[in-house]
$ cat input_27.cif   # mmCIF, C-alpha atoms
data_work
loop_
_atom_site.label_atom_id
_atom_site.label_comp_id
_atom_site.auth_asym_id
_atom_site.auth_seq_id
_atom_site.Cartn_x
_atom_site.Cartn_y
_atom_site.Cartn_z
CA MET A 1 222.66 0.56 -77.76
CA ARG A 2 223.37 -3.01 -76.74
CA ILE A 3 225.53 -5.07 -74.41
CA PRO A 4 227.63 -7.38 -76.63
CA LEU A 5 227.01 -11.00 -75.71
CA VAL A 6 226.56 -12.92 -78.95
CA SER A 7 229.26 -14.77 -80.85
CA PRO A 8 228.40 -15.14 -84.59
CA THR A 9 226.81 -18.55 -85.13
CA ALA A 10 227.68 -21.07 -87.83
CA LEU A 11 225.66 -21.82 -90.95
CA THR A 12 225.88 -25.42 -92.13
CA LEU A 13 224.20 -27.75 -94.59
CA ALA A 14 222.33 -30.56 -92.81
CA GLU A 15 223.26 -33.36 -95.19
CA HIS A 16 221.23 -36.19 -93.65
CA VAL A 17 218.14 -34.02 -93.34
CA SER A 18 218.57 -32.76 -96.90
CA ARG A 19 218.72 -36.30 -98.28
CA ALA A 20 215.72 -37.36 -96.22
CA VAL A 21 213.46 -34.56 -97.50
CA GLY A 22 214.89 -34.16 -101.00
CA ARG A 23 215.68 -30.47 -100.53
CA GLU A 24 218.67 -28.49 -99.31
CA VAL A 25 218.26 -27.76 -95.61
CA PHE A 26 220.68 -25.37 -93.94
CA VAL A 27 220.90 -24.79 -90.19
CA LYS A 28 221.74 -21.53 -88.44
CA HIS A 29 223.26 -22.63 -85.15
CA GLU A 30 221.71 -20.18 -82.71
CA ASN A 31 222.30 -22.82 -80.06
CA ALA A 32 225.84 -21.39 -79.82
CA THR A 33 225.20 -17.67 -79.39
CA HIS A 34 227.06 -17.75 -76.06
CA PRO A 35 229.31 -20.42 -74.51
CA ARG A 36 227.78 -20.17 -71.04
CA TYR A 37 224.14 -20.23 -72.12
CA GLY A 38 223.09 -19.66 -75.72
CA GLY A 39 219.93 -19.84 -77.80
CA ASN A 40 217.85 -17.11 -79.37
CA LYS A 41 217.11 -15.28 -76.12
CA VAL A 42 220.68 -14.00 -75.89
CA ARG A 43 220.34 -11.84 -79.00
CA LYS A 44 217.27 -10.18 -77.48
CA LEU A 45 219.00 -9.70 -74.14
CA GLU A 46 221.82 -7.72 -75.76
CA TYR A 47 219.32 -4.91 -76.30
CA LEU A 48 217.12 -5.45 -73.24
CA LEU A 49 219.96 -5.50 -70.72
CA ALA A 50 221.42 -2.34 -72.23
CA ASP A 51 218.03 -0.64 -71.95
CA ALA A 52 217.64 -1.81 -68.34
CA ARG A 53 221.05 -0.39 -67.47
CA ALA A 54 220.28 2.90 -69.20
CA ARG A 55 217.07 3.19 -67.14
CA GLY A 56 218.91 2.61 -63.87
CA ALA A 57 217.28 -0.73 -63.14
CA THR A 58 218.44 -2.80 -60.19
CA ASP A 59 216.25 -5.84 -60.84
CA LEU A 60 215.03 -7.76 -63.86
CA LEU A 61 211.50 -9.11 -63.48
CA THR A 62 210.28 -11.57 -66.06
CA VAL A 63 207.83 -14.39 -66.65
CA GLY A 64 207.57 -17.79 -68.33
CA ALA A 65 206.61 -21.42 -68.06
CA ALA A 66 208.43 -23.60 -65.52
CA GLY A 67 211.10 -24.73 -67.98
CA SER A 68 211.45 -21.37 -69.72
CA HIS A 69 214.68 -20.96 -71.67
CA HIS A 70 214.09 -17.21 -71.57
CA VAL A 71 213.97 -17.17 -67.77
CA LEU A 72 217.22 -19.13 -67.59
CA ALA A 73 218.95 -16.94 -70.19
CA THR A 74 217.80 -13.82 -68.34
CA THR A 75 219.08 -15.25 -65.06
CA VAL A 76 222.48 -16.24 -66.44
CA HIS A 77 223.19 -13.08 -68.40
CA GLY A 78 221.26 -10.68 -66.18
CA THR A 79 223.10 -11.66 -63.02
CA ALA A 80 226.42 -11.50 -64.89
CA ALA A 81 225.53 -7.92 -65.84
CA GLY A 82 224.91 -7.03 -62.18
CA PHE A 83 221.11 -7.29 -61.91
CA ARG A 84 218.99 -9.26 -59.46
CA VAL A 85 216.61 -11.52 -61.36
CA GLU A 86 213.08 -12.55 -60.40
CA ALA A 87 210.70 -14.66 -62.46
CA VAL A 88 207.05 -15.60 -62.16
CA LEU A 89 206.50 -19.14 -63.45
CA ALA A 90 203.45 -21.03 -64.71
CA PRO A 91 203.00 -24.83 -64.72
CA GLN A 92 204.48 -27.00 -67.49
CA PRO A 93 204.49 -30.78 -68.08
CA ARG A 94 207.36 -32.49 -66.29
CA SER A 95 210.40 -33.56 -68.28
CA ALA A 96 214.06 -34.00 -67.44
CA HIS A 97 214.83 -30.85 -69.45
CA VAL A 98 212.31 -28.74 -67.53
CA VAL A 99 213.64 -29.97 -64.17
CA ALA A 100 217.22 -29.24 -65.25
CA ASN A 101 216.25 -25.69 -66.28
CA LEU A 102 214.58 -25.06 -62.93
CA ARG A 103 217.63 -26.32 -61.03
CA ALA A 104 219.83 -24.04 -63.12
CA ASP A 105 217.56 -21.03 -62.48
CA LEU A 106 217.91 -21.53 -58.74
CA ALA A 107 221.62 -22.29 -58.85
CA GLN A 108 222.27 -19.11 -60.85
CA GLY A 109 220.47 -16.97 -58.29
CA ALA A 110 216.97 -16.40 -59.66
CA THR A 111 214.14 -15.82 -57.22
CA LEU A 112 211.15 -17.78 -58.51
CA PHE A 113 207.46 -17.16 -57.82
CA PRO A 114 205.16 -19.99 -58.95
CA VAL A 115 201.51 -19.55 -59.87
CA ALA A 116 198.95 -22.30 -60.24
CA HIS A 117 197.50 -21.14 -63.57
CA GLY A 118 198.86 -19.23 -66.55
CA TYR A 119 196.14 -16.60 -66.32
CA GLU A 120 197.56 -15.53 -62.93
CA LEU A 121 200.87 -14.42 -64.46
CA PRO A 122 200.03 -10.76 -65.25
CA LEU A 123 198.61 -10.07 -61.78
CA ARG A 124 201.53 -11.72 -59.97
CA LEU A 125 203.99 -9.87 -62.21
CA ALA A 126 202.35 -6.52 -61.36
CA TRP A 127 202.36 -7.43 -57.66
CA ARG A 128 206.09 -8.20 -57.70
CA ALA A 129 206.87 -4.98 -59.57
CA ALA A 130 204.95 -3.00 -56.95
CA ALA A 131 206.70 -4.85 -54.12
CA LEU A 132 210.11 -4.06 -55.55
CA ARG A 133 209.22 -0.39 -55.95
CA ALA A 134 208.11 -0.31 -52.32
CA GLN A 135 211.57 -1.57 -51.35
CA GLY A 136 213.23 1.25 -53.28
CA ARG A 137 214.30 -1.05 -56.10
CA VAL A 138 214.00 -0.22 -59.81
CA ALA A 139 212.43 -3.14 -61.66
CA TYR A 140 212.81 -3.61 -65.41
CA VAL A 141 209.94 -5.83 -66.57
CA ILE A 142 210.70 -8.19 -69.45
CA PRO A 143 207.68 -9.89 -71.06
CA PRO A 144 207.62 -13.58 -72.05
CA GLY A 145 210.53 -14.57 -74.27
CA GLY A 146 212.02 -11.09 -74.17
CA SER A 147 209.68 -10.33 -77.05
CA THR A 148 209.46 -6.57 -77.30
CA ALA A 149 210.15 -4.49 -80.38
CA LEU A 150 213.55 -3.68 -78.88
CA GLY A 151 214.29 -7.33 -78.12
CA ALA A 152 213.37 -8.32 -81.68
CA CYS A 153 216.21 -6.09 -82.92
CA GLY A 154 218.55 -8.94 -82.01
CA TYR A 155 217.14 -10.91 -84.93
CA VAL A 156 217.50 -7.99 -87.29
CA ASP A 157 221.21 -8.33 -86.48
CA ALA A 158 220.99 -12.10 -87.04
CA VAL A 159 219.63 -11.61 -90.56
CA ALA A 160 222.49 -9.25 -91.38
CA GLU A 161 224.88 -11.95 -90.16
CA LEU A 162 223.08 -14.57 -92.24
CA ARG A 163 223.23 -12.44 -95.38
CA GLN A 164 227.01 -12.24 -95.15
CA GLN A 165 227.31 -15.98 -94.53
CA LEU A 166 225.11 -16.91 -97.50
CA ALA A 167 227.26 -14.72 -99.72
CA THR A 168 230.43 -16.34 -98.36
CA VAL A 169 229.25 -19.88 -99.17
CA GLY A 170 227.86 -18.85 -102.55
CA VAL A 171 224.19 -19.41 -101.76
CA PRO A 172 222.16 -16.54 -103.27
CA SER A 173 219.07 -17.04 -101.11
CA VAL A 174 216.84 -19.51 -99.28
CA ASP A 175 213.24 -20.11 -100.29
CA ALA A 176 211.95 -20.49 -96.74
CA MET A 177 213.40 -20.11 -93.28
CA VAL A 178 211.68 -21.68 -90.30
CA CYS A 179 211.84 -20.98 -86.56
CA ALA A 180 209.85 -21.97 -83.50
CA LEU A 181 207.19 -19.38 -82.63
CA GLY A 182 206.61 -18.86 -78.93
CA SER A 183 206.32 -15.23 -77.89
CA GLY A 184 206.91 -13.83 -81.38
CA GLY A 185 210.12 -11.83 -81.08
CA THR A 186 212.39 -14.09 -83.11
CA LEU A 187 210.04 -14.35 -86.09
CA ALA A 188 209.33 -10.61 -85.91
CA GLY A 189 213.04 -9.83 -85.97
CA LEU A 190 213.60 -12.14 -88.94
CA ILE A 191 210.83 -10.45 -90.92
CA ALA A 192 212.11 -6.99 -90.03
CA GLY A 193 215.66 -8.05 -90.86
CA GLN A 194 214.61 -9.32 -94.27
CA ARG A 195 213.08 -5.95 -95.10
CA LEU A 196 216.00 -3.92 -93.82
CA HIS A 197 218.77 -6.09 -95.25
CA GLY A 198 217.20 -7.21 -98.53
CA VAL A 199 217.12 -10.94 -97.77
CA SER A 200 214.44 -12.69 -99.82
CA GLY A 201 212.45 -15.84 -99.06
CA GLU A 202 209.54 -16.73 -96.85
CA ALA A 203 209.88 -16.54 -93.05
CA TRP A 204 207.74 -19.10 -91.21
CA GLY A 205 207.02 -19.37 -87.51
CA VAL A 206 205.84 -22.70 -86.11
CA ARG A 207 203.50 -21.92 -83.25
CA VAL A 208 204.05 -23.98 -80.09
CA THR A 209 202.21 -21.75 -77.60
CA PRO A 210 198.55 -20.71 -77.32
CA ARG A 211 197.35 -18.41 -80.10
CA VAL A 212 196.81 -15.53 -77.69
CA MET A 213 200.59 -15.50 -77.10
CA SER A 214 201.73 -15.94 -80.69
CA ASN A 215 199.61 -14.61 -83.53
CA ALA A 216 200.08 -12.69 -86.74
CA SER A 217 198.92 -9.36 -85.32
CA LEU A 218 201.47 -9.51 -82.51
CA VAL A 219 204.32 -10.55 -84.82
CA ALA A 220 203.53 -7.77 -87.31
CA TRP A 221 203.43 -5.19 -84.50
CA LEU A 222 206.78 -6.36 -83.12
CA ALA A 223 208.35 -6.44 -86.58
CA ASN A 224 207.25 -2.89 -87.34
CA GLY A 225 208.55 -1.71 -83.97
CA ALA A 226 211.91 -3.38 -84.60
CA MET A 227 212.18 -1.66 -87.99
CA ASP A 228 211.44 1.67 -86.30
CA HIS A 229 214.40 1.04 -83.99
CA MET A 230 216.81 -0.26 -86.62
CA ALA A 231 216.06 1.51 -89.90
CA PRO A 232 218.72 4.05 -90.94
CA ARG A 233 217.70 7.67 -90.59
CA GLY A 234 215.45 8.69 -93.47
CA VAL A 235 214.67 5.09 -94.50
CA LYS A 236 211.05 3.99 -94.14
CA PRO A 237 210.63 0.35 -95.13
CA ALA A 238 207.18 -0.92 -96.06
CA ARG A 239 205.14 -1.85 -93.01
CA VAL A 240 204.53 -5.49 -92.23
CA ARG A 241 200.86 -6.36 -92.53
CA ARG A 242 199.17 -9.07 -90.48
CA ALA A 243 198.30 -11.00 -93.64
CA GLU A 244 201.98 -11.21 -94.57
CA VAL A 245 202.98 -13.11 -91.43
CA ARG A 246 203.30 -16.85 -92.11
CA ILE A 247 202.50 -19.17 -89.21
CA VAL A 248 202.11 -22.95 -88.97
CA HIS A 249 199.39 -23.37 -86.35
CA ASP A 250 198.79 -27.10 -86.01
CA ALA A 251 202.16 -27.85 -84.34
CA SER A 252 200.84 -26.53 -81.01
CA ASP A 253 198.51 -29.52 -80.61
CA PRO A 254 197.97 -31.31 -78.24
CA GLY A 255 199.34 -28.55 -76.00
CA TYR A 256 202.35 -26.56 -74.85
CA GLY A 257 205.22 -28.76 -73.75
CA VAL A 258 203.49 -31.98 -74.84
CA GLU A 259 205.77 -34.11 -77.02
CA THR A 260 204.47 -35.31 -80.40
CA ARG A 261 205.50 -38.23 -82.60
CA ALA A 262 206.38 -35.85 -85.44
CA ALA A 263 208.67 -33.89 -83.11
CA ARG A 264 210.37 -37.08 -81.89
CA ASP A 265 210.99 -38.16 -85.50
CA ALA A 266 212.41 -34.75 -86.39
CA ILE A 267 214.65 -34.75 -83.32
CA GLU A 268 216.07 -38.14 -84.36
CA LEU A 269 216.56 -37.01 -87.96
CA PHE A 270 218.33 -33.75 -87.14
CA ALA A 271 220.53 -35.52 -84.58
CA LYS A 272 222.16 -37.37 -87.49
CA ASP A 273 223.60 -33.99 -88.49
CA ASP A 274 224.65 -33.27 -84.89
CA VAL A 275 221.77 -30.79 -84.46
CA HIS A 276 220.17 -31.34 -81.07
CA LEU A 277 216.59 -30.19 -80.50
CA ASP A 278 213.97 -30.22 -77.73
CA ALA A 279 210.42 -31.53 -77.77
CA THR A 280 208.74 -28.26 -76.73
CA TYR A 281 210.05 -25.76 -79.29
CA THR A 282 212.68 -26.71 -81.83
CA GLY A 283 211.56 -30.30 -82.36
CA LYS A 284 208.07 -29.18 -83.35
CA ALA A 285 209.50 -26.46 -85.60
CA ALA A 286 211.81 -28.98 -87.27
CA ALA A 287 208.89 -31.37 -87.79
CA ALA A 288 206.97 -28.61 -89.58
CA LEU A 289 209.98 -27.88 -91.81
CA VAL A 290 210.25 -31.56 -92.74
CA ALA A 291 206.55 -31.65 -93.64
CA MET A 292 206.84 -28.44 -95.69
CA ALA A 293 209.90 -29.71 -97.57
CA ARG A 294 208.25 -33.01 -98.44
CA THR A 295 205.02 -31.41 -99.68
CA GLY A 296 206.28 -28.10 -101.12
CA PRO A 297 208.22 -28.89 -104.32
CA GLN A 298 208.28 -25.21 -105.31
CA ARG A 299 210.82 -24.58 -102.54
CA ALA A 300 214.31 -25.93 -103.18
CA ARG A 301 216.25 -24.54 -100.21
CA TYR A 302 215.30 -24.24 -96.53
CA LEU A 303 216.95 -22.69 -93.49
CA PHE A 304 216.24 -23.87 -89.96
CA TRP A 305 216.99 -21.59 -87.00
CA ASN A 306 218.09 -23.85 -84.15
CA THR A 307 217.19 -21.61 -81.21
CA LEU A 308 217.86 -24.10 -78.37
CA SER A 309 220.97 -23.47 -76.27
CA SER A 310 223.52 -26.26 -76.52
CA ALA A 311 225.60 -25.11 -73.53
CA PRO A 312 225.67 -27.89 -70.90
CA LEU A 313 223.31 -27.15 -68.03
CA SER A 314 225.56 -29.11 -65.70
CA ALA A 315 228.04 -26.22 -65.85
CA LEU A 316 225.34 -23.97 -64.36
CA THR A 317 224.16 -26.43 -61.70
CA PRO A 318 226.67 -27.65 -59.10
CA ASP A 319 224.21 -30.20 -57.71
CA THR A 320 222.35 -31.82 -60.60
CA GLU A 321 220.40 -34.05 -58.21
CA ALA A 322 219.20 -31.32 -55.84
CA ALA A 323 215.54 -31.56 -54.89
CA LEU A 324 213.35 -28.70 -56.02
CA PRO A 325 211.53 -26.64 -53.37
CA GLY A 326 208.00 -27.90 -52.84
CA ALA A 327 206.30 -24.86 -54.37
CA ILE A 328 208.46 -25.15 -57.49
CA GLU A 329 207.94 -28.92 -57.68
CA ALA A 330 204.19 -28.25 -57.75
CA LEU A 331 204.59 -26.49 -61.13
CA LEU A 332 205.35 -29.81 -62.81
CA ALA A 333 202.29 -31.69 -64.01
#
$ encode --input "input_27.cif" --output "structure tokens"
Amino acid sequence: MRIPLVSPTALTLAEHVSRAVGREVFVKHENATHPRYGGNKVRKLEYLLADARARGATDLLTVGAAGSHHVLATTVHGTAAGFRVEAVLAPQPRSAHVVANLRADLAQGATLFPVAHGYELPLRLAWRAAALRAQGRVAYVIPPGGSTALGACGYVDAVAELRQQLATVGVPSVDAMVCALGSGGTLAGLIAGQRLHGVSGEAWGVRVTPRVMSNASLVAWLANGAMDHMAPRGVKPARVRRAEVRIVHDASDPGYGVETRAARDAIELFAKDDVHLDATYTGKAAAALVAMARTGPQRARYLFWNTLSSAPLSALTPDTEAALPGAIEALLA
């Protein structure tokens, strides 16, 4: 059961990137999953919002860093579906993009609760859930990035969509597909989708968050849970083992939300193909793909999942110059 939100996204060949790295590089434009606010979170929310509605929830309660795309996607699509949305936020380095996301959260009706340190998130989340229950509300708690086994089912659907598109353009397979790895749900769904839909090739996640949030054990667990949800009756695909999960770990240095030179270079390169990335997630993932393509001659064809929404934030924020409340401003280092 899901609430339909996603428009099928385009698959294109990134010609400038391909020439620069000497390999074919395709892009799956997940930036355009929804015209109002897109990105990879929308596919997860199709399933999570349906589950919240089925459970009689009145409020969505989630968590993220200050500039969280997941929090904004949950706010935009959750409020449109009739839910109140609350989010507990941890600090993140200041950037224009982070500030714009925060303004959009507030303009779209989210109630935000800042904490001073990331380790405070679980306690504050539990406190808000208890407070809502005491008010007679029914809170549906969504973990970081919407990354549950159910949420990952959105990327099982995405692989089915990709399989049809590859067949349409006459491309039999890709050797490696690459996505940013934050909370694990997107990579888990891709792996599960490959098993369920018979799509070959390596699936790589480029870790941009601390290892405790994104590791092989978590991704394998989510992938197996997604297959349990999505496998046809009587079909039992082979379980995903931790050792089978491919992660690039060094992209997370020097820290979450800190821009790197490699990411800046990748952002500039992909922009030549009209693919617009950010410095926190997709830029670092693209930089890892470029490095892999230049040093991995055994792979001839790559696929990059552009998971950053391309919908203009100005459409969500009537006053783009509005000052942030003091407590929210304090989240920005």
$ closest_residue --input "input_27.cif" --among "A:Ala90, A:Met1, A:Leu218, A:Ala176" --to "A:Ala333" --atoms "all atoms listed in the file"
A:Ala90
$ residues_around --input "input_27.cif" --residues "stretch 304-320 of chain A" --least-positions-apart "6" --cutoff "8 Å" --atoms "all atoms listed in the file" --output "count of residues only"
33
$ atom_distance --input "input_27.cif" --atom1 "atom CA of A:Pro210" --atom2 "atom CA of A:Gly151"
20.7 Å
$ closest_residue --input "input_27.cif" --among "A:His197, A:Lys44, A:Arg211, A:Arg294" --to "A:Ser147" --atoms "only C-alpha atoms"
A:Lys44
$ closest_residue --input "input_27.cif" --among "A:Tyr47, A:Arg2, A:Arg55, A:Ala116" --to "A:Ala327" --atoms "only C-alpha atoms"
A:Ala116
$ residues_near_point --input "input_27.cif" --point "(215.3, -38.2, -82.3)" --cutoff "12 Å" --atoms "all atoms listed in the file" --output "list of chain:residue names"
A:Glu259, A:Thr260, A:Arg261, A:Ala262, A:Ala263, A:Arg264, A:Asp265, A:Ala266, A:Ile267, A:Glu268, A:Leu269, A:Phe270, A:Ala271, A:Lys272, A:Asp273, A:Asp274, A:Val275, A:His276, A:Leu277, A:Asp278, A:Ala279, A:Thr282, A:Gly283, A:Lys284, A:Ala286, A:Ala287
$ decode --input "input_27.cif" --residues "stretch 278-294 of chain A" --atoms "N, CA and C atoms" --output "PDB file, in the first residue's frame"
ATOM      1  N   ASP A 278      24.657  18.908  -4.788  1.00  0.00           N
ATOM      2  CA  ASP A 278      24.962  19.670  -3.571  1.00  0.00           C
ATOM      3  C   ASP A 278      26.264  19.161  -2.979  1.00  0.00           C
ATOM      4  N   ALA A 279      26.837  19.957  -2.084  1.00  0.00           N
ATOM      5  CA  ALA A 279      28.145  19.623  -1.530  1.00  0.00           C
ATOM      6  C   ALA A 279      28.081  18.595  -0.412  1.00  0.00           C
ATOM      7  N   THR A 280      26.890  18.397   0.186  1.00  0.00           N
ATOM      8  CA  THR A 280      26.792  17.499   1.340  1.00  0.00           C
ATOM      9  C   THR A 280      26.605  16.039   0.926  1.00  0.00           C
ATOM     10  N   TYR A 281      25.746  15.787  -0.050  1.00  0.00           N
ATOM     11  CA  TYR A 281      25.419  14.414  -0.436  1.00  0.00           C
ATOM     12  C   TYR A 281      25.861  14.084  -1.860  1.00  0.00           C
ATOM     13  N   THR A 282      25.139  14.637  -2.834  1.00  0.00           N
ATOM     14  CA  THR A 282      25.327  14.172  -4.199  1.00  0.00           C
ATOM     15  C   THR A 282      26.677  14.566  -4.788  1.00  0.00           C
ATOM     16  N   GLY A 283      27.219  15.708  -4.382  1.00  0.00           N
ATOM     17  CA  GLY A 283      28.532  16.101  -4.884  1.00  0.00           C
ATOM     18  C   GLY A 283      29.613  15.124  -4.457  1.00  0.00           C
ATOM     19  N   LYS A 284      29.554  14.679  -3.218  1.00  0.00           N
ATOM     20  CA  LYS A 284      30.544  13.712  -2.734  1.00  0.00           C
ATOM     21  C   LYS A 284      30.352  12.357  -3.406  1.00  0.00           C
ATOM     22  N   ALA A 285      29.097  11.968  -3.636  1.00  0.00           N
ATOM     23  CA  ALA A 285      28.844  10.703  -4.327  1.00  0.00           C
ATOM     24  C   ALA A 285      29.342  10.770  -5.764  1.00  0.00           C
ATOM     25  N   ALA A 286      29.105  11.896  -6.439  1.00  0.00           N
ATOM     26  CA  ALA A 286      29.577  12.055  -7.807  1.00  0.00           C
ATOM     27  C   ALA A 286      31.099  12.036  -7.869  1.00  0.00           C
ATOM     28  N   ALA A 287      31.756  12.653  -6.894  1.00  0.00           N
ATOM     29  CA  ALA A 287      33.219  12.639  -6.851  1.00  0.00           C
ATOM     30  C   ALA A 287      33.748  11.215  -6.730  1.00  0.00           C
ATOM     31  N   ALA A 288      33.088  10.393  -5.931  1.00  0.00           N
ATOM     32  CA  ALA A 288      33.501   8.996  -5.790  1.00  0.00           C
ATOM     33  C   ALA A 288      33.306   8.238  -7.099  1.00  0.00           C
ATOM     34  N   LEU A 289      32.198   8.505  -7.790  1.00  0.00           N
ATOM     35  CA  LEU A 289      31.982   7.848  -9.090  1.00  0.00           C
ATOM     36  C   LEU A 289      33.088   8.238 -10.068  1.00  0.00           C
ATOM     37  N   VAL A 290      33.432   9.510 -10.127  1.00  0.00           N
ATOM     38  CA  VAL A 290      34.490   9.960 -11.035  1.00  0.00           C
ATOM     39  C   VAL A 290      35.802   9.231 -10.724  1.00  0.00           C
ATOM     40  N   ALA A 291      36.145   9.125  -9.443  1.00  0.00           N
ATOM     41  CA  ALA A 291      37.368   8.430  -9.058  1.00  0.00           C
ATOM     42  C   ALA A 291      37.314   6.952  -9.438  1.00  0.00           C
ATOM     43  N   MET A 292      36.178   6.310  -9.219  1.00  0.00           N
ATOM     44  CA  MET A 292      36.019   4.905  -9.573  1.00  0.00           C
ATOM     45  C   MET A 292      36.163   4.709 -11.080  1.00  0.00           C
ATOM     46  N   ALA A 293      35.541   5.573 -11.861  1.00  0.00           N
ATOM     47  CA  ALA A 293      35.570   5.423 -13.316  1.00  0.00           C
ATOM     48  C   ALA A 293      36.975   5.613 -13.868  1.00  0.00           C
ATOM     49  N   ARG A 294      37.725   6.500 -13.256  1.00  0.00           N
ATOM     50  CA  ARG A 294      39.080   6.775 -13.754  1.00  0.00           C
ATOM     51  C   ARG A 294      40.086   5.720 -13.331  1.00  0.00           C
TER      52      ARG A 294
END
